[in-house]
file protein23.txt (compact mmCIF, C-alpha atoms)
# COMPACT_ATOMS: atom_id res chain seq x y z
CA MET O 1 -13.67 7.60 17.93
CA ILE O 2 -13.71 6.07 14.45
CA ARG O 3 -17.01 6.94 12.81
CA SER O 4 -16.94 3.98 10.44
CA GLN O 5 -14.86 0.86 9.91
CA ASN O 6 -17.08 -0.51 7.13
CA LEU O 7 -14.93 -1.86 4.31
CA CYS O 8 -17.61 -0.92 1.80
CA ASP O 9 -17.29 2.71 2.93
CA ALA O 10 -13.60 2.67 2.12
CA ILE O 11 -13.79 0.81 -1.20
CA PRO O 12 -16.29 2.37 -3.61
CA THR O 13 -16.32 -0.43 -6.15
CA ALA O 14 -15.76 -4.15 -6.08
CA ASN O 15 -14.19 -4.70 -9.48
CA ALA O 16 -12.04 -1.59 -10.01
CA TYR O 17 -10.09 -2.04 -13.23
CA VAL O 18 -9.95 -5.83 -13.48
CA GLU O 19 -13.02 -7.94 -14.15
CA PRO O 20 -13.08 -11.39 -12.49
CA ASN O 21 -13.18 -13.35 -15.74
CA ILE O 22 -10.13 -11.47 -17.05
CA LEU O 23 -8.21 -12.13 -13.85
CA ALA O 24 -9.13 -15.82 -13.97
CA ARG O 25 -7.73 -16.10 -17.47
CA VAL O 26 -4.57 -14.24 -16.53
CA LEU O 27 -3.99 -16.61 -13.62
CA SER O 28 -4.71 -19.76 -15.63
CA SER O 29 -1.07 -20.28 -16.58
CA PRO O 30 0.48 -23.42 -15.02
CA ASP O 31 3.61 -21.36 -14.39
CA LEU O 32 3.38 -19.19 -11.25
CA GLU O 33 6.01 -16.72 -12.42
CA THR O 34 4.05 -16.07 -15.63
CA SER O 35 0.91 -15.36 -13.61
CA LEU O 36 2.83 -13.00 -11.34
CA HIS O 37 4.21 -11.11 -14.33
CA HIS O 38 0.68 -10.72 -15.68
CA ILE O 39 -0.81 -9.37 -12.46
CA MET O 40 2.07 -6.89 -12.25
CA ALA O 41 1.20 -5.76 -15.79
CA LEU O 42 -2.48 -5.46 -14.86
CA GLN O 43 -1.67 -3.18 -11.94
CA TYR O 44 0.79 -1.21 -14.06
CA LYS O 45 -2.00 -0.53 -16.55
CA ALA O 46 -4.54 0.27 -13.85
CA THR O 47 -2.21 2.79 -12.21
CA LEU O 48 -1.50 4.51 -15.52
CA ALA O 49 -5.25 4.68 -16.20
CA ILE O 50 -6.03 6.25 -12.82
CA VAL O 51 -3.34 8.90 -13.22
CA ASP O 52 -4.55 9.57 -16.77
CA GLU O 53 -8.08 10.10 -15.46
CA HIS O 54 -6.68 12.58 -12.98
CA ASN O 55 -4.89 14.47 -15.76
CA GLN O 56 -7.91 14.35 -18.09
CA GLU O 57 -10.27 16.10 -15.67
CA GLN O 58 -9.55 19.61 -16.80
CA GLY O 59 -10.90 22.72 -15.17
CA GLN O 60 -10.95 21.20 -11.70
CA ASP O 61 -9.00 22.52 -8.73
CA PHE O 62 -7.46 19.25 -7.59
CA LEU O 63 -5.56 20.85 -4.72
CA ALA O 64 -8.70 22.33 -3.16
CA ASP O 65 -11.47 19.83 -3.76
CA GLY O 66 -9.84 16.57 -2.80
CA ARG O 67 -9.94 14.97 -6.25
CA ALA O 68 -6.22 14.29 -6.11
CA MET O 69 -6.68 12.49 -2.80
CA SER O 70 -9.45 10.39 -4.36
CA ARG O 71 -7.21 9.39 -7.25
CA ALA O 72 -4.35 8.50 -4.93
CA LYS O 73 -6.76 6.40 -2.89
CA ALA O 74 -7.97 4.73 -6.09
CA ILE O 75 -4.42 3.59 -6.88
CA ALA O 76 -4.07 2.00 -3.45
CA ILE O 77 -7.51 0.38 -3.50
CA SER O 78 -7.09 -1.04 -7.00
CA SER O 79 -3.83 -2.68 -5.95
CA TYR O 80 -5.34 -4.17 -2.78
CA GLU O 81 -8.32 -5.57 -4.67
CA LEU O 82 -6.17 -7.10 -7.39
CA ALA O 83 -3.71 -8.62 -4.92
CA HIS O 84 -6.50 -10.08 -2.76
CA LYS O 85 -8.27 -11.64 -5.74
CA ALA O 86 -5.04 -13.01 -7.21
CA ASP O 87 -3.91 -14.34 -3.83
CA GLU O 88 -7.15 -16.28 -3.32
CA ALA O 89 -7.22 -17.48 -6.93
CA LEU O 90 -3.68 -18.87 -6.63
CA GLY O 91 -3.73 -20.12 -3.04
CA GLY O 92 -7.37 -20.68 -2.16
CA PRO O 93 -9.52 -18.86 0.42
CA ILE O 94 -7.51 -17.05 3.07
CA GLU O 95 -9.62 -18.45 5.92
CA ARG O 96 -8.62 -22.01 4.98
CA ARG O 97 -4.86 -21.53 5.06
CA GLY O 98 -4.33 -21.90 8.78
CA HIS O 99 -3.31 -18.35 9.57
CA HIS O 100 -3.16 -17.61 13.29
CA CYS O 101 -3.98 -13.92 12.87
CA GLN O 102 -7.01 -12.85 14.91
CA PRO O 103 -8.61 -9.54 15.93
CA GLY O 104 -6.64 -8.07 18.81
CA CYS O 105 -3.45 -9.98 17.96
CA SER O 106 -1.10 -7.08 17.31
CA PHE O 107 2.49 -8.33 17.64
CA CYS O 108 3.19 -7.37 14.03
CA CYS O 109 1.99 -3.82 14.75
CA TRP O 110 5.28 -3.18 16.54
CA LEU O 111 7.24 -3.67 13.32
CA PRO O 112 8.27 -0.82 11.01
CA VAL O 113 5.98 -0.63 7.98
CA ASP O 114 6.87 0.28 4.41
CA VAL O 115 4.35 2.02 2.14
CA LEU O 116 4.11 3.79 -1.18
CA ALA O 117 2.90 7.38 -1.41
CA PRO O 118 -0.64 6.53 -2.60
CA GLU O 119 -1.04 4.21 0.39
CA ALA O 120 -0.04 6.95 2.84
CA LEU O 121 -2.47 9.32 1.14
CA ALA O 122 -5.24 6.72 1.23
CA ILE O 123 -4.79 6.20 4.97
CA THR O 124 -4.72 9.96 5.48
CA THR O 125 -8.01 10.31 3.62
CA PHE O 126 -9.50 7.50 5.71
CA LEU O 127 -8.47 9.18 8.97
CA GLN O 128 -9.77 12.57 7.85
CA GLU O 129 -13.11 11.07 6.82
CA ASN O 130 -13.61 8.82 9.83
CA LEU O 131 -12.13 10.62 12.84
CA GLU O 132 -13.86 13.49 14.60
CA PRO O 133 -11.73 16.68 14.49
CA PRO O 134 -10.42 16.41 18.09
CA ALA O 135 -9.52 12.75 17.52
CA LEU O 136 -7.77 13.62 14.26
CA VAL O 137 -5.69 16.23 16.08
CA ARG O 138 -4.70 13.63 18.70
CA MET O 139 -3.88 11.09 16.03
CA THR O 140 -1.70 13.59 14.15
CA GLN O 141 0.09 14.43 17.39
CA ARG O 142 0.68 10.76 18.15
CA ILE O 143 2.04 10.14 14.65
CA THR O 144 4.35 13.15 14.98
CA GLU O 145 5.62 11.99 18.38
CA THR O 146 6.20 8.47 17.06
CA GLU O 147 8.16 9.84 14.12
CA GLN O 148 10.41 11.75 16.48
CA MET O 149 11.24 8.46 18.23
CA VAL O 150 12.05 6.45 15.10
CA PHE O 151 13.10 9.03 12.49
CA ARG O 152 16.82 8.17 12.59
CA LEU O 153 16.42 4.43 13.15
CA ASN O 154 16.75 1.69 10.57
CA SER O 155 14.39 -1.29 10.59
CA GLU O 156 16.42 -3.41 13.01
CA GLU O 157 16.78 -0.52 15.42
CA CYS O 158 13.04 0.18 15.20
CA ILE O 159 12.22 -3.42 16.08
CA ARG O 160 14.57 -3.37 19.08
CA ALA O 161 13.08 -0.07 20.25
CA GLU O 162 9.62 -1.72 20.41
CA VAL O 163 7.69 1.36 19.30
CA PRO O 164 4.07 0.54 18.37
CA CYS O 165 2.44 1.79 15.20
CA PRO O 166 0.57 5.02 16.01
CA LEU O 167 -2.51 3.59 14.30
CA LEU O 168 -2.68 0.79 16.88
CA ASP O 169 -5.23 1.09 19.69
CA LEU O 170 -3.16 -0.23 22.58
CA GLU O 171 -6.21 -1.13 24.67
CA SER O 172 -8.06 -3.23 22.09
CA GLY O 173 -5.11 -4.30 19.97
CA MET O 174 -7.05 -3.15 16.89
CA CYS O 175 -5.88 -0.96 14.03
CA ARG O 176 -7.69 2.37 13.77
CA ALA O 177 -7.38 2.27 9.98
CA TYR O 178 -7.73 -1.47 9.42
CA SER O 179 -9.89 -1.34 6.30
CA MET O 180 -7.31 0.94 4.65
CA ARG O 181 -4.20 -0.78 6.01
CA PRO O 182 -1.25 -0.85 3.59
CA HIS O 183 -0.02 -3.79 1.54
CA ALA O 184 2.77 -4.59 4.02
CA CYS O 185 0.14 -5.31 6.68
CA ARG O 186 -2.24 -7.15 4.33
CA GLN O 187 0.44 -9.59 3.16
CA TYR O 188 1.85 -10.36 6.62
CA ALA O 189 0.00 -13.48 7.77
CA SER O 190 1.51 -15.74 10.40
CA PHE O 191 1.11 -19.48 10.82
CA GLN O 192 2.31 -19.43 14.44
CA ARG O 193 1.11 -16.90 17.00
CA SER O 194 3.69 -17.95 19.60
CA ALA O 195 6.48 -17.19 17.12
CA CYS O 196 5.09 -13.68 16.64
CA GLU O 197 5.05 -13.14 20.39
CA LYS O 198 8.64 -14.36 20.78
CA ALA O 199 9.75 -12.15 17.88
CA LEU O 200 8.62 -8.92 19.57
CA GLY O 201 11.73 -6.76 19.86
CA ASP O 202 13.99 -9.31 18.13
CA PRO O 203 14.93 -8.43 14.52
CA ASP O 204 16.59 -11.84 14.06
CA ALA O 205 13.57 -13.92 15.06
CA ALA O 206 11.95 -16.16 12.45
CA VAL O 207 8.17 -16.10 12.00
CA PRO O 208 6.51 -18.59 9.61
CA THR O 209 4.43 -16.42 7.28
CA ASP O 210 2.37 -16.91 4.13
CA PHE O 211 5.01 -16.64 1.40
CA LEU O 212 2.45 -16.77 -1.42
CA SER O 213 0.55 -13.75 -0.07
CA GLN O 214 3.76 -11.81 0.34
CA THR O 215 4.86 -12.67 -3.19
CA VAL O 216 1.52 -11.74 -4.78
CA TYR O 217 1.19 -8.43 -2.95
CA SER O 218 4.80 -7.52 -3.65
CA ARG O 219 4.40 -8.19 -7.36
CA VAL O 220 1.19 -6.17 -7.59
CA MET O 221 2.79 -3.25 -5.77
CA MET O 222 5.74 -3.47 -8.16
CA GLY O 223 3.23 -2.73 -10.91
CA VAL O 224 2.40 0.51 -9.09
CA VAL O 225 6.10 1.35 -8.66
CA VAL O 226 6.91 0.78 -12.33
CA ALA O 227 3.98 2.95 -13.45
CA LEU O 228 4.89 5.80 -11.08
CA HIS O 229 8.49 5.64 -12.24
CA LYS O 230 7.38 5.92 -15.86
CA LEU O 231 5.25 8.97 -15.00
CA GLY O 232 8.04 10.75 -13.13
CA MET O 233 6.21 10.53 -9.80
CA ASP O 234 7.67 9.57 -6.43
CA TYR O 235 7.74 5.77 -6.39
CA HIS O 236 10.12 5.28 -3.48
CA THR O 237 9.51 3.02 -0.49
CA LEU O 238 8.43 5.17 2.44
CA ASP O 239 8.36 4.77 6.19
CA LEU O 240 4.67 4.70 7.15
CA VAL O 241 4.97 6.96 10.18
CA SER O 242 6.94 9.69 8.44
CA ALA O 243 4.76 9.48 5.33
CA LEU O 244 1.59 9.89 7.41
CA ARG O 245 3.04 12.85 9.29
CA ILE O 246 3.83 14.54 5.97
CA ALA O 247 0.43 13.75 4.45
CA LEU O 248 -1.43 14.99 7.54
CA THR O 249 0.51 18.19 8.13
CA GLU O 250 1.61 19.44 4.70
CA PRO O 251 -0.87 21.41 2.55
CA GLU O 252 -2.30 19.68 -0.56
CA PRO O 253 -0.07 16.59 -0.26
CA ALA O 254 -1.80 14.55 -2.98
CA GLY O 255 -1.88 17.36 -5.52
CA ARG O 256 1.78 18.08 -4.94
CA TRP O 257 2.66 14.39 -5.24
CA PHE O 258 0.78 14.12 -8.54
CA THR O 259 2.77 17.03 -9.96
CA GLY O 260 6.04 15.23 -9.22
CA GLU O 261 7.11 17.21 -6.18
CA GLY O 262 9.43 15.31 -3.85
CA LEU O 263 7.17 15.94 -0.87
CA PHE O 264 7.80 12.51 0.67
CA ALA O 265 11.59 12.52 0.33
CA PRO O 266 12.09 12.82 4.14
CA ALA O 267 10.21 9.52 4.49
CA TRP O 268 12.29 7.55 1.98
CA ARG O 269 13.33 4.28 3.57
CA SER O 270 16.53 4.30 1.48
CA SER O 271 17.84 7.22 3.54
CA ARG O 272 17.71 5.10 6.72
CA GLU O 273 18.58 1.58 5.60
CA PRO O 274 21.80 0.00 4.36
CA GLY O 275 21.67 -1.68 0.97
CA ASP O 276 19.26 -1.33 -1.91
CA ILE O 277 15.72 -0.56 -0.80
CA ASP O 278 14.23 0.63 -4.07
CA PRO O 279 14.66 -1.06 -7.48
CA ALA O 280 17.50 0.25 -9.62
CA GLU O 281 16.63 2.53 -12.53
CA ASN O 282 17.71 -0.10 -15.07
CA ASP O 283 15.57 -2.73 -13.37
CA LEU O 284 12.54 -0.44 -13.43
CA ARG O 285 13.00 0.24 -17.14
CA THR O 286 13.32 -3.50 -17.77
CA LEU O 287 10.13 -4.21 -15.82
CA ARG O 288 8.31 -1.45 -17.69
CA ARG O 289 9.26 -3.02 -21.02
CA LEU O 290 8.09 -6.39 -19.68
CA CYS O 291 4.72 -4.96 -18.61
CA GLU O 292 4.23 -3.27 -21.96
CA ARG O 293 5.13 -6.42 -23.89
CA ILE O 294 2.61 -8.38 -21.84
CA LEU O 295 -0.08 -5.78 -22.42
CA LEU O 296 0.61 -5.59 -26.16
CA GLY O 297 0.72 -9.34 -26.55
CA SER O 298 -2.33 -10.24 -24.47
CA ALA O 299 -5.62 -9.29 -26.06
CA ILE O 300 -7.45 -10.25 -22.88
CA LEU O 301 -5.87 -7.30 -21.11
CA ASP O 302 -7.22 -4.75 -23.58
CA ALA O 303 -10.62 -4.91 -21.89
CA CYS O 304 -9.42 -4.52 -18.33
CA SER O 305 -9.72 -0.73 -18.00
CA GLN O 306 -13.12 0.01 -16.52
CA PRO O 307 -14.35 3.32 -15.09
CA PHE O 308 -13.40 3.68 -11.44
CA SER O 309 -15.82 5.65 -9.29
CA THR O 310 -14.07 7.59 -6.55
CA VAL O 311 -15.67 9.46 -3.71
call {"tool": "encode", "arguments": {"input": "protein23.txt", "output": "structure tokens"}}
result
Amino acid sequence: MIRSQNLCDAIPTANAYVEPNILARVLSSPDLETSLHHIMALQYKATLAIVDEHNQEQGQDFLADGRAMSRAKAIAISSYELAHKADEALGGPIERRGHHCQPGCSFCCWLPVDVLAPEALAITTFLQENLEPPALVRMTQRITETEQMVFRLNSEECIRAEVPCPLLDLESGMCRAYSMRPHACRQYASFQRSACEKALGDPDAAVPTDFLSQTVYSRVMMGVVVALHKLGMDYHTLDLVSALRIALTEPEPAGRWFTGEGLFAPAWRSSREPGDIDPAENDLRTLRRLCERILLGSAILDACSQPFSTV
């Protein structure tokens, strides 16, 4: 049983690193691409600040006391908050957009999911904090068994195999970690439930989704990727199932990730998919220069780093 699904339990602060008035000014540009560049820069700065806080706390045993897990969770939460606020500021309230997504509608939960390392660590922390020990053991076993089924499959093969996400409660159709779901799930909003149903098991099916949400979340997460790349940390796109198995079964996963260890390499999506999954090194350096130019040239961003309280 999940002990708590309260969003407030999972997110310790409402404003994180970006105050509402700053975000409003950033998004005031009449050009959408300019606004998207700015929110990427905001998340880039927030991620650097969180990692810096982790490094500044000297004399603490991060591997033993869970502080590294809290910092990883802070990166994920800050990105979700920023993306949600930017999405609503640019496109209006989510509930007014005509999405067909409802509790218990879980067709998208049979799709492979991409995550970044801090997202996998955030979900791991959520499961450890909210599942009773026997339930956590069962969940870890289910995740491990699911990984064994999909480990060598690319995305199209996963879709055809119709393997549900191990976080999905098959009886209720609800996610067991909904309040800490990753960006890929948050941005996937359908305008046609029947299309989702028809798409089950068909990698070529077309589902009308909210393109603005997908664009905003993707750009915010790129801010995380660019920051992690600058810091020499694993920034690669990961398969959710494999990443969760690693985070739940390996000792001190967050601490090892913060030190630059390639702990999540077996979960890299690029090892299973044809084509370019992760941004090229040159592109990441170009985006880093863009973020830094935006931050240097925009005085309004200088005030956006606020203390982030983690639990």
call {"tool": "atom_distance", "arguments": {"input": "protein23.txt", "atom1": "atom CA of Ala265 of chain O", "atom2": "atom CA of Ile39 of chain O"}}
result
28.2 Å
call {"tool": "residues_around", "arguments": {"input": "protein23.txt", "residues": "segment 252-261 of chain O", "least_positions_apart": "2", "cutoff": "6 Å", "atoms": "all atoms listed in the file", "output": "CSV table (one decimal) with C-alpha atoms, in the coordinates of the input"}}
result
chain,number,residue,atom,x,y,z
O,63,LEU,CA,-5.6,20.8,-4.7
O,68,ALA,CA,-6.2,14.3,-6.1
O,69,MET,CA,-6.7,12.5,-2.8
O,233,MET,CA,6.2,10.5,-9.8
O,247,ALA,CA,0.4,13.8,4.4
O,250,GLU,CA,1.6,19.4,4.7
O,263,LEU,CA,7.2,15.9,-0.9
call {"tool": "residues_around", "arguments": {"input": "protein23.txt", "residues": "Leu111 of chain O", "least_positions_apart": "2", "cutoff": "9 Å", "atoms": "only C-alpha atoms", "output": "number ranges by chain"}}
result
O: 107-109, 113, 155, 158-159, 162-165, 200-201
call {"tool": "closest_residue", "arguments": {"input": "protein23.txt", "among": "O:Arg160, O:Arg176, O:Arg269, O:Arg152", "to": "Asn130 of chain O", "atoms": "all atoms listed in the file"}}
result
O:Arg176
call {"tool": "residues_around", "arguments": {"input": "protein23.txt", "residues": "Arg219 of chain O", "least_positions_apart": "5", "cutoff": "9 Å", "atoms": "all atoms listed in the file", "output": "compact mmCIF listing (two decimals) with C-alpha atoms, keeping the file's coordinate frame"}}
result
# COMPACT_ATOMS: atom_id res chain seq x y z
CA LEU O 36 2.83 -13.00 -11.34
CA HIS O 37 4.21 -11.11 -14.33
CA ILE O 39 -0.81 -9.37 -12.46
CA MET O 40 2.07 -6.89 -12.25
CA ALA O 83 -3.71 -8.62 -4.92
CA GLN O 214 3.76 -11.81 0.34
call {"tool": "closest_residue", "arguments": {"input": "protein23.txt", "among": "O:Gly297, O:Asp234, O:Glu292, O:His99", "to": "Pro266 of chain O", "atoms": "only C-alpha atoms"}}
result
O:Asp234
call {"tool": "atom_distance", "arguments": {"input": "protein23.txt", "atom1": "atom CA of Gly173 of chain O", "atom2": "atom CA of Val220 of chain O"}}
result
28.3 Å
call {"tool": "atom_distance", "arguments": {"input": "protein23.txt", "atom1": "atom CA of Pro112 of chain O", "atom2": "atom CA of His229 of chain O"}}
result
24.1 Å
call {"tool": "closest_residue", "arguments": {"input": "protein23.txt", "among": "O:Thr124, O:Gln43, O:Asn282, O:Ser79", "to": "Arg186 of chain O", "atoms": "all atoms listed in the file"}}
result
O:Ser79
call {"tool": "closest_residue", "arguments": {"input": "protein23.txt", "among": "O:Pro118, O:Phe126, O:Pro203, O:Glu281", "to": "Phe264 of chain O", "atoms": "only C-alpha atoms"}}
result
O:Pro118
call {"tool": "closest_residue", "arguments": {"input": "protein23.txt", "among": "O:Leu32, O:Ile77, O:Leu42, O:Ala49", "to": "Leu90 of chain O", "atoms": "only C-alpha atoms"}}
result
O:Leu32
call {"tool": "residues_around", "arguments": {"input": "protein23.txt", "residues": "Leu238 of chain O", "least_positions_apart": "4", "cutoff": "6 Å", "atoms": "only C-alpha atoms", "output": "list in words"}}
result
Asp114, Val115, Leu116, Ala267, Trp268 and Arg269 of chain O
